Amino acid sequence: MPNLIQNLLLVMLGASLGGGCRYLFTLIESRLSTPIQISTLLVNIIGGLLAGIIAGYLLHKPDQTIRLFLIVGFCGGLTTFSSFSLETMKLLQNREFLMALSLILFHFIGAIGATIIGFTLTQRFIS
């Protein structure tokens with residue numbers, strides 16, 4: 001049971017820090033005028049990049065504590081699939097189909113591409 005509680009606390013601490021960073025991105029964006037929620041896109045891409053870097057590192061130095069704190073907790077709290085889904089739904093409701101499709105492509109290509117880049121770079125520097 002102590003391991004479970006320790007692991008839960010690691011995830012919760014990481015998620016709170018990730019969520020706090022996410023909120024800071026939103027505050028910065030509120031001062032800008034952008035056609036789409038750029039902060040959601042940025043945190044999803046940055047979260048993908050971080051997850052790729054950390055996963056690449058963990059292949060060489062497995063560490064459950066780092067995985068739980070940084071990938072499950074921090075990246076989980078930082079990235080925002082629910083926000084992305086809501087923003088896309090609003091665009092679809094407003095019949096902004098091209099903007100909705102663009103948003104979907106940017107998020108998927110950006111986040112998955114960043115994850116691949118992070119993982120690949122980590123493999124090159126560690127190997």
# chains A, B, ... in the order shown; residues from 1 in each chain; ligands from 1
>>> residues_around(residues="range 34-51 of chain A", least_positions_apart="5", cutoff="8 Å", atoms="only C-alpha atoms", output="PDB file with N, CA and C atoms, in the first residue's frame")
ATOM      1  N   ARG A  22      -0.172  24.761 -17.815  1.00  0.00           N
ATOM      2  CA  ARG A  22      -1.242  24.892 -18.817  1.00  0.00           C
ATOM      3  C   ARG A  22      -2.009  26.193 -18.606  1.00  0.00           C
ATOM      4  N   PHE A  25      -0.103  29.226 -19.845  1.00  0.00           N
ATOM      5  CA  PHE A  25      -0.220  29.378 -21.293  1.00  0.00           C
ATOM      6  C   PHE A  25      -1.531  30.077 -21.654  1.00  0.00           C
ATOM      7  N   THR A  26      -2.614  29.711 -20.962  1.00  0.00           N
ATOM      8  CA  THR A  26      -3.920  30.324 -21.218  1.00  0.00           C
ATOM      9  C   THR A  26      -3.900  31.804 -20.858  1.00  0.00           C
ATOM     10  N   GLU A  29      -2.052  33.659 -23.538  1.00  0.00           N
ATOM     11  CA  GLU A  29      -2.854  33.738 -24.750  1.00  0.00           C
ATOM     12  C   GLU A  29      -3.976  34.768 -24.629  1.00  0.00           C
ATOM     13  N   LEU A  70       6.664  12.608 -14.409  1.00  0.00           N
ATOM     14  CA  LEU A  70       6.766  13.455 -15.597  1.00  0.00           C
ATOM     15  C   LEU A  70       5.794  13.088 -16.713  1.00  0.00           C
ATOM     16  N   ILE A  71       5.682  11.821 -17.068  1.00  0.00           N
ATOM     17  CA  ILE A  71       4.813  11.457 -18.198  1.00  0.00           C
ATOM     18  C   ILE A  71       3.349  11.402 -17.753  1.00  0.00           C
ATOM     19  N   CYS A  75       2.953  15.665 -17.873  1.00  0.00           N
ATOM     20  CA  CYS A  75       2.452  15.726 -19.258  1.00  0.00           C
ATOM     21  C   CYS A  75       0.937  15.521 -19.301  1.00  0.00           C
ATOM     22  N   LEU A  78      -0.515  18.804 -18.240  1.00  0.00           N
ATOM     23  CA  LEU A  78      -0.206  19.867 -19.197  1.00  0.00           C
ATOM     24  C   LEU A  78      -1.046  19.773 -20.462  1.00  0.00           C
ATOM     25  N   THR A  79      -1.136  18.598 -21.024  1.00  0.00           N
ATOM     26  CA  THR A  79      -1.831  18.445 -22.299  1.00  0.00           C
ATOM     27  C   THR A  79      -3.339  18.457 -22.098  1.00  0.00           C
ATOM     28  N   THR A  80      -4.047  18.747 -23.175  1.00  0.00           N
ATOM     29  CA  THR A  80      -5.453  19.127 -23.009  1.00  0.00           C
ATOM     30  C   THR A  80      -6.368  18.560 -24.076  1.00  0.00           C
ATOM     31  N   PHE A  81      -6.487  17.273 -24.123  1.00  0.00           N
ATOM     32  CA  PHE A  81      -7.342  16.711 -25.155  1.00  0.00           C
ATOM     33  C   PHE A  81      -8.793  17.138 -24.987  1.00  0.00           C
ATOM     34  N   SER A  83      -9.887  20.002 -23.809  1.00  0.00           N
ATOM     35  CA  SER A  83     -10.002  21.381 -24.310  1.00  0.00           C
ATOM     36  C   SER A  83      -9.994  21.395 -25.831  1.00  0.00           C
ATOM     37  N   PHE A  84      -9.108  20.612 -26.409  1.00  0.00           N
ATOM     38  CA  PHE A  84      -9.030  20.493 -27.859  1.00  0.00           C
ATOM     39  C   PHE A  84     -10.362  20.015 -28.434  1.00  0.00           C
ATOM     40  N   GLU A  87     -12.982  22.855 -28.185  1.00  0.00           N
ATOM     41  CA  GLU A  87     -12.713  23.916 -29.165  1.00  0.00           C
ATOM     42  C   GLU A  87     -13.103  23.465 -30.571  1.00  0.00           C
ATOM     43  N   LEU A 103      -7.498  22.591 -37.324  1.00  0.00           N
ATOM     44  CA  LEU A 103      -7.161  22.444 -35.910  1.00  0.00           C
ATOM     45  C   LEU A 103      -6.858  20.982 -35.578  1.00  0.00           C
ATOM     46  N   PHE A 106      -3.461  20.079 -37.149  1.00  0.00           N
ATOM     47  CA  PHE A 106      -2.351  20.707 -36.427  1.00  0.00           C
ATOM     48  C   PHE A 106      -2.077  19.986 -35.110  1.00  0.00           C
ATOM     49  N   HIS A 107      -3.128  19.658 -34.380  1.00  0.00           N
ATOM     50  CA  HIS A 107      -2.943  18.987 -33.096  1.00  0.00           C
ATOM     51  C   HIS A 107      -2.359  17.596 -33.267  1.00  0.00           C
ATOM     52  N   GLY A 110       1.119  17.880 -35.070  1.00  0.00           N
ATOM     53  CA  GLY A 110       2.046  18.583 -34.178  1.00  0.00           C
ATOM     54  C   GLY A 110       2.433  17.757 -32.970  1.00  0.00           C
ATOM     55  N   ALA A 111       1.452  17.216 -32.257  1.00  0.00           N
ATOM     56  CA  ALA A 111       1.744  16.470 -31.033  1.00  0.00           C
ATOM     57  C   ALA A 111       2.461  15.149 -31.336  1.00  0.00           C
ATOM     58  N   ILE A 112       1.975  14.410 -32.318  1.00  0.00           N
ATOM     59  CA  ILE A 112       2.619  13.136 -32.647  1.00  0.00           C
ATOM     60  C   ILE A 112       4.003  13.383 -33.248  1.00  0.00           C
ATOM     61  N   GLY A 113       4.108  14.383 -34.111  1.00  0.00           N
ATOM     62  CA  GLY A 113       5.410  14.725 -34.683  1.00  0.00           C
ATOM     63  C   GLY A 113       6.407  15.147 -33.615  1.00  0.00           C
ATOM     64  N   ALA A 114       5.967  15.955 -32.655  1.00  0.00           N
ATOM     65  CA  ALA A 114       6.849  16.393 -31.577  1.00  0.00           C
ATOM     66  C   ALA A 114       7.276  15.213 -30.707  1.00  0.00           C
ATOM     67  N   THR A 115       6.379  14.278 -30.472  1.00  0.00           N
ATOM     68  CA  THR A 115       6.717  13.092 -29.688  1.00  0.00           C
ATOM     69  C   THR A 115       7.795  12.275 -30.409  1.00  0.00           C
ATOM     70  N   ILE A 116       7.626  12.098 -31.703  1.00  0.00           N
ATOM     71  CA  ILE A 116       8.621  11.356 -32.495  1.00  0.00           C
ATOM     72  C   ILE A 116       9.964  12.083 -32.485  1.00  0.00           C
ATOM     73  N   ILE A 117       9.932  13.391 -32.660  1.00  0.00           N
ATOM     74  CA  ILE A 117      11.172  14.185 -32.652  1.00  0.00           C
ATOM     75  C   ILE A 117      11.879  14.065 -31.306  1.00  0.00           C
ATOM     76  N   GLY A 118      11.116  14.247 -30.215  1.00  0.00           N
ATOM     77  CA  GLY A 118      11.707  14.143 -28.879  1.00  0.00           C
ATOM     78  C   GLY A 118      12.319  12.788 -28.623  1.00  0.00           C
ATOM     79  N   PHE A 119      11.612  11.743 -28.985  1.00  0.00           N
ATOM     80  CA  PHE A 119      12.094  10.383 -28.788  1.00  0.00           C
ATOM     81  C   PHE A 119      13.352  10.138 -29.623  1.00  0.00           C
TER      82      PHE A 119
END
>>> residues_around(residues="Leu121 in chain A", least_positions_apart="4", cutoff="9 Å", atoms="only C-alpha atoms", output="list in words")
Gly52, Ile53, Gly56, Ile116, Ile117, Phe125 and Ile126 of chain A
>>> atom_distance(atom1="CA of Ser127 in chain A", atom2="CA of Tyr57 in chain A")
10.0 Å
>>> atom_distance(atom1="CA of Thr88 in chain A", atom2="CA of Phe108 in chain A")
12.6 Å
>>> select_by_dssp(residues="range 22-123 of chain A", states="alpha helix (DSSP H)", output="PyMOL selection string")
chain A and resi 22-30+38-60+64-66+76-78+81-93+97-123
>>> write_last_selection(atoms="C-alpha atoms", output="PDB file, in the first residue's frame")
ATOM      1  CA  ARG A  22      -1.242  24.892 -18.817  1.00  0.00           C
ATOM      2  CA  TYR A  23      -3.059  27.717 -17.036  1.00  0.00           C
ATOM      3  CA  LEU A  24      -0.070  30.046 -17.543  1.00  0.00           C
ATOM      4  CA  PHE A  25      -0.220  29.378 -21.293  1.00  0.00           C
ATOM      5  CA  THR A  26      -3.920  30.324 -21.218  1.00  0.00           C
ATOM      6  CA  LEU A  27      -3.170  33.559 -19.347  1.00  0.00           C
ATOM      7  CA  ILE A  28      -0.512  34.525 -21.876  1.00  0.00           C
ATOM      8  CA  GLU A  29      -2.854  33.738 -24.750  1.00  0.00           C
ATOM      9  CA  SER A  30      -5.631  35.870 -23.247  1.00  0.00           C
ATOM     10  CA  ILE A  38      -3.127  28.551 -29.801  1.00  0.00           C
ATOM     11  CA  SER A  39      -2.298  27.772 -26.157  1.00  0.00           C
ATOM     12  CA  THR A  40      -4.022  24.387 -26.413  1.00  0.00           C
ATOM     13  CA  LEU A  41      -2.068  23.596 -29.568  1.00  0.00           C
ATOM     14  CA  LEU A  42       1.228  24.658 -27.981  1.00  0.00           C
ATOM     15  CA  VAL A  43       0.785  22.636 -24.800  1.00  0.00           C
ATOM     16  CA  ASN A  44      -0.221  19.554 -26.789  1.00  0.00           C
ATOM     17  CA  ILE A  45       2.880  19.854 -28.990  1.00  0.00           C
ATOM     18  CA  ILE A  46       5.171  20.643 -26.042  1.00  0.00           C
ATOM     19  CA  GLY A  47       3.619  17.783 -24.052  1.00  0.00           C
ATOM     20  CA  GLY A  48       4.221  15.419 -26.959  1.00  0.00           C
ATOM     21  CA  LEU A  49       7.826  16.563 -27.256  1.00  0.00           C
ATOM     22  CA  LEU A  50       8.437  16.130 -23.522  1.00  0.00           C
ATOM     23  CA  ALA A  51       6.771  12.705 -23.492  1.00  0.00           C
ATOM     24  CA  GLY A  52       8.978  11.610 -26.399  1.00  0.00           C
ATOM     25  CA  ILE A  53      12.155  12.880 -24.733  1.00  0.00           C
ATOM     26  CA  ILE A  54      11.309  11.265 -21.410  1.00  0.00           C
ATOM     27  CA  ALA A  55      10.234   7.960 -23.007  1.00  0.00           C
ATOM     28  CA  GLY A  56      13.469   7.879 -24.994  1.00  0.00           C
ATOM     29  CA  TYR A  57      15.480   8.511 -21.841  1.00  0.00           C
ATOM     30  CA  LEU A  58      13.591   5.848 -19.888  1.00  0.00           C
ATOM     31  CA  LEU A  59      14.482   3.200 -22.484  1.00  0.00           C
ATOM     32  CA  HIS A  60      18.086   3.526 -21.335  1.00  0.00           C
ATOM     33  CA  GLN A  64       9.117   4.274 -12.552  1.00  0.00           C
ATOM     34  CA  THR A  65       9.296   7.439 -10.419  1.00  0.00           C
ATOM     35  CA  ILE A  66      10.295   9.618 -13.389  1.00  0.00           C
ATOM     36  CA  GLY A  76      -1.020  14.463 -18.358  1.00  0.00           C
ATOM     37  CA  GLY A  77      -1.789  17.709 -16.507  1.00  0.00           C
ATOM     38  CA  LEU A  78      -0.206  19.867 -19.197  1.00  0.00           C
ATOM     39  CA  PHE A  81      -7.342  16.711 -25.155  1.00  0.00           C
ATOM     40  CA  SER A  82     -10.638  17.696 -23.545  1.00  0.00           C
ATOM     41  CA  SER A  83     -10.002  21.381 -24.310  1.00  0.00           C
ATOM     42  CA  PHE A  84      -9.030  20.493 -27.859  1.00  0.00           C
ATOM     43  CA  SER A  85     -12.240  18.484 -28.269  1.00  0.00           C
ATOM     44  CA  LEU A  86     -14.395  21.315 -26.952  1.00  0.00           C
ATOM     45  CA  GLU A  87     -12.713  23.916 -29.165  1.00  0.00           C
ATOM     46  CA  THR A  88     -13.184  21.679 -32.206  1.00  0.00           C
ATOM     47  CA  MET A  89     -16.841  21.122 -31.343  1.00  0.00           C
ATOM     48  CA  LYS A  90     -17.419  24.889 -31.119  1.00  0.00           C
ATOM     49  CA  LEU A  91     -15.879  25.388 -34.552  1.00  0.00           C
ATOM     50  CA  LEU A  92     -18.090  22.644 -35.976  1.00  0.00           C
ATOM     51  CA  GLN A  93     -21.188  24.157 -34.354  1.00  0.00           C
ATOM     52  CA  PHE A  97     -15.446  23.209 -41.019  1.00  0.00           C
ATOM     53  CA  LEU A  98     -12.117  24.119 -42.637  1.00  0.00           C
ATOM     54  CA  MET A  99     -10.864  25.729 -39.414  1.00  0.00           C
ATOM     55  CA  ALA A 100     -11.995  22.640 -37.434  1.00  0.00           C
ATOM     56  CA  LEU A 101     -10.206  20.288 -39.824  1.00  0.00           C
ATOM     57  CA  SER A 102      -7.089  22.476 -39.702  1.00  0.00           C
ATOM     58  CA  LEU A 103      -7.161  22.444 -35.910  1.00  0.00           C
ATOM     59  CA  ILE A 104      -7.485  18.651 -35.840  1.00  0.00           C
ATOM     60  CA  LEU A 105      -4.582  18.214 -38.252  1.00  0.00           C
ATOM     61  CA  PHE A 106      -2.351  20.707 -36.427  1.00  0.00           C
ATOM     62  CA  HIS A 107      -2.943  18.987 -33.096  1.00  0.00           C
ATOM     63  CA  PHE A 108      -2.444  15.441 -34.295  1.00  0.00           C
ATOM     64  CA  ILE A 109       0.481  16.110 -36.605  1.00  0.00           C
ATOM     65  CA  GLY A 110       2.046  18.583 -34.178  1.00  0.00           C
ATOM     66  CA  ALA A 111       1.744  16.470 -31.033  1.00  0.00           C
ATOM     67  CA  ILE A 112       2.619  13.136 -32.647  1.00  0.00           C
ATOM     68  CA  GLY A 113       5.410  14.725 -34.683  1.00  0.00           C
ATOM     69  CA  ALA A 114       6.849  16.393 -31.577  1.00  0.00           C
ATOM     70  CA  THR A 115       6.717  13.092 -29.688  1.00  0.00           C
ATOM     71  CA  ILE A 116       8.621  11.356 -32.495  1.00  0.00           C
ATOM     72  CA  ILE A 117      11.172  14.185 -32.652  1.00  0.00           C
ATOM     73  CA  GLY A 118      11.707  14.143 -28.879  1.00  0.00           C
ATOM     74  CA  PHE A 119      12.094  10.383 -28.788  1.00  0.00           C
ATOM     75  CA  THR A 120      14.455  10.336 -31.791  1.00  0.00           C
ATOM     76  CA  LEU A 121      16.644  13.144 -30.457  1.00  0.00           C
ATOM     77  CA  THR A 122      16.932  11.462 -27.086  1.00  0.00           C
ATOM     78  CA  GLN A 123      17.972   8.193 -28.736  1.00  0.00           C
TER      79      GLN A 123
END
>>> decode(residues="range 90-101 of chain A", atoms="all heavy atoms", output="PDB file, in the first residue's frame")
ATOM      1  N   LYS A  90     -16.904  23.524 -30.942  1.00  0.00           N
ATOM      2  CA  LYS A  90     -17.419  24.889 -31.119  1.00  0.00           C
ATOM      3  C   LYS A  90     -17.249  25.353 -32.559  1.00  0.00           C
ATOM      4  O   LYS A  90     -18.137  25.986 -33.129  1.00  0.00           O
ATOM      5  CB  LYS A  90     -16.731  25.857 -30.160  1.00  0.00           C
ATOM      6  CG  LYS A  90     -17.179  25.689 -28.736  1.00  0.00           C
ATOM      7  CD  LYS A  90     -16.433  26.650 -27.822  1.00  0.00           C
ATOM      8  CE  LYS A  90     -16.815  26.462 -26.375  1.00  0.00           C
ATOM      9  NZ  LYS A  90     -16.044  27.332 -25.482  1.00  0.00           N
ATOM     10  N   LEU A  91     -16.099  25.030 -33.151  1.00  0.00           N
ATOM     11  CA  LEU A  91     -15.879  25.388 -34.552  1.00  0.00           C
ATOM     12  C   LEU A  91     -16.881  24.669 -35.451  1.00  0.00           C
ATOM     13  O   LEU A  91     -17.434  25.266 -36.383  1.00  0.00           O
ATOM     14  CB  LEU A  91     -14.444  25.052 -34.981  1.00  0.00           C
ATOM     15  CG  LEU A  91     -13.343  25.931 -34.394  1.00  0.00           C
ATOM     16  CD1 LEU A  91     -11.968  25.339 -34.714  1.00  0.00           C
ATOM     17  CD2 LEU A  91     -13.453  27.353 -34.922  1.00  0.00           C
ATOM     18  N   LEU A  92     -17.126  23.406 -35.178  1.00  0.00           N
ATOM     19  CA  LEU A  92     -18.090  22.644 -35.976  1.00  0.00           C
ATOM     20  C   LEU A  92     -19.504  23.199 -35.811  1.00  0.00           C
ATOM     21  O   LEU A  92     -20.254  23.316 -36.788  1.00  0.00           O
ATOM     22  CB  LEU A  92     -18.048  21.157 -35.596  1.00  0.00           C
ATOM     23  CG  LEU A  92     -16.768  20.414 -35.993  1.00  0.00           C
ATOM     24  CD1 LEU A  92     -16.729  19.036 -35.358  1.00  0.00           C
ATOM     25  CD2 LEU A  92     -16.613  20.344 -37.499  1.00  0.00           C
ATOM     26  N   GLN A  93     -19.867  23.569 -34.591  1.00  0.00           N
ATOM     27  CA  GLN A  93     -21.188  24.157 -34.354  1.00  0.00           C
ATOM     28  C   GLN A  93     -21.349  25.477 -35.105  1.00  0.00           C
ATOM     29  O   GLN A  93     -22.442  25.806 -35.558  1.00  0.00           O
ATOM     30  CB  GLN A  93     -21.416  24.403 -32.864  1.00  0.00           C
ATOM     31  CG  GLN A  93     -21.709  23.155 -32.080  1.00  0.00           C
ATOM     32  CD  GLN A  93     -21.884  23.443 -30.602  1.00  0.00           C
ATOM     33  OE1 GLN A  93     -21.269  24.346 -30.042  1.00  0.00           O
ATOM     34  NE2 GLN A  93     -22.727  22.645 -29.964  1.00  0.00           N
ATOM     35  N   ASN A  94     -20.259  26.216 -35.240  1.00  0.00           N
ATOM     36  CA  ASN A  94     -20.286  27.491 -35.969  1.00  0.00           C
ATOM     37  C   ASN A  94     -20.095  27.306 -37.469  1.00  0.00           C
ATOM     38  O   ASN A  94     -19.903  28.268 -38.199  1.00  0.00           O
ATOM     39  CB  ASN A  94     -19.212  28.440 -35.429  1.00  0.00           C
ATOM     40  CG  ASN A  94     -19.492  28.894 -34.032  1.00  0.00           C
ATOM     41  OD1 ASN A  94     -20.642  28.930 -33.596  1.00  0.00           O
ATOM     42  ND2 ASN A  94     -18.442  29.232 -33.304  1.00  0.00           N
ATOM     43  N   ARG A  95     -20.107  26.053 -37.901  1.00  0.00           N
ATOM     44  CA  ARG A  95     -19.950  25.696 -39.307  1.00  0.00           C
ATOM     45  C   ARG A  95     -18.617  26.173 -39.902  1.00  0.00           C
ATOM     46  O   ARG A  95     -18.519  26.469 -41.077  1.00  0.00           O
ATOM     47  CB  ARG A  95     -21.120  26.198 -40.136  1.00  0.00           C
ATOM     48  CG  ARG A  95     -22.463  25.634 -39.696  1.00  0.00           C
ATOM     49  CD  ARG A  95     -23.551  26.114 -40.624  1.00  0.00           C
ATOM     50  NE  ARG A  95     -24.721  25.290 -40.673  1.00  0.00           N
ATOM     51  CZ  ARG A  95     -24.816  24.043 -41.115  1.00  0.00           C
ATOM     52  NH1 ARG A  95     -23.768  23.419 -41.533  1.00  0.00           N
ATOM     53  NH2 ARG A  95     -25.970  23.406 -41.138  1.00  0.00           N
ATOM     54  N   GLU A  96     -17.607  26.219 -39.072  1.00  0.00           N
ATOM     55  CA  GLU A  96     -16.257  26.578 -39.517  1.00  0.00           C
ATOM     56  C   GLU A  96     -15.493  25.267 -39.754  1.00  0.00           C
ATOM     57  O   GLU A  96     -14.537  24.948 -39.053  1.00  0.00           O
ATOM     58  CB  GLU A  96     -15.572  27.452 -38.481  1.00  0.00           C
ATOM     59  CG  GLU A  96     -16.263  28.790 -38.279  1.00  0.00           C
ATOM     60  CD  GLU A  96     -15.571  29.638 -37.242  1.00  0.00           C
ATOM     61  OE1 GLU A  96     -14.353  29.905 -37.428  1.00  0.00           O
ATOM     62  OE2 GLU A  96     -16.234  30.037 -36.268  1.00  0.00           O
ATOM     63  N   PHE A  97     -15.937  24.552 -40.774  1.00  0.00           N
ATOM     64  CA  PHE A  97     -15.446  23.209 -41.019  1.00  0.00           C
ATOM     65  C   PHE A  97     -13.967  23.175 -41.396  1.00  0.00           C
ATOM     66  O   PHE A  97     -13.224  22.310 -40.927  1.00  0.00           O
ATOM     67  CB  PHE A  97     -16.288  22.511 -42.087  1.00  0.00           C
ATOM     68  CG  PHE A  97     -17.732  22.412 -41.705  1.00  0.00           C
ATOM     69  CD1 PHE A  97     -18.708  23.081 -42.434  1.00  0.00           C
ATOM     70  CD2 PHE A  97     -18.132  21.666 -40.610  1.00  0.00           C
ATOM     71  CE1 PHE A  97     -20.043  23.002 -42.073  1.00  0.00           C
ATOM     72  CE2 PHE A  97     -19.456  21.569 -40.238  1.00  0.00           C
ATOM     73  CZ  PHE A  97     -20.421  22.241 -40.974  1.00  0.00           C
ATOM     74  N   LEU A  98     -13.526  24.097 -42.236  1.00  0.00           N
ATOM     75  CA  LEU A  98     -12.117  24.119 -42.637  1.00  0.00           C
ATOM     76  C   LEU A  98     -11.221  24.438 -41.448  1.00  0.00           C
ATOM     77  O   LEU A  98     -10.166  23.819 -41.272  1.00  0.00           O
ATOM     78  CB  LEU A  98     -11.898  25.134 -43.776  1.00  0.00           C
ATOM     79  CG  LEU A  98     -10.511  25.148 -44.385  1.00  0.00           C
ATOM     80  CD1 LEU A  98     -10.126  23.766 -44.919  1.00  0.00           C
ATOM     81  CD2 LEU A  98     -10.448  26.176 -45.501  1.00  0.00           C
ATOM     82  N   MET A  99     -11.647  25.384 -40.607  1.00  0.00           N
ATOM     83  CA  MET A  99     -10.864  25.729 -39.414  1.00  0.00           C
ATOM     84  C   MET A  99     -10.829  24.531 -38.454  1.00  0.00           C
ATOM     85  O   MET A  99      -9.786  24.235 -37.868  1.00  0.00           O
ATOM     86  CB  MET A  99     -11.460  26.946 -38.717  1.00  0.00           C
ATOM     87  CG  MET A  99     -10.625  27.435 -37.559  1.00  0.00           C
ATOM     88  SD  MET A  99      -8.999  28.044 -38.019  1.00  0.00           S
ATOM     89  CE  MET A  99      -9.421  29.699 -38.506  1.00  0.00           C
ATOM     90  N   ALA A 100     -11.953  23.821 -38.310  1.00  0.00           N
ATOM     91  CA  ALA A 100     -11.995  22.640 -37.434  1.00  0.00           C
ATOM     92  C   ALA A 100     -11.055  21.550 -37.952  1.00  0.00           C
ATOM     93  O   ALA A 100     -10.293  20.958 -37.174  1.00  0.00           O
ATOM     94  CB  ALA A 100     -13.424  22.107 -37.328  1.00  0.00           C
ATOM     95  N   LEU A 101     -11.091  21.290 -39.238  1.00  0.00           N
ATOM     96  CA  LEU A 101     -10.206  20.288 -39.824  1.00  0.00           C
ATOM     97  C   LEU A 101      -8.746  20.698 -39.666  1.00  0.00           C
ATOM     98  O   LEU A 101      -7.892  19.871 -39.327  1.00  0.00           O
ATOM     99  CB  LEU A 101     -10.537  20.072 -41.305  1.00  0.00           C
ATOM    100  CG  LEU A 101      -9.683  19.052 -42.040  1.00  0.00           C
ATOM    101  CD1 LEU A 101      -9.817  17.666 -41.409  1.00  0.00           C
ATOM    102  CD2 LEU A 101     -10.070  18.999 -43.507  1.00  0.00           C
TER     103      LEU A 101
END
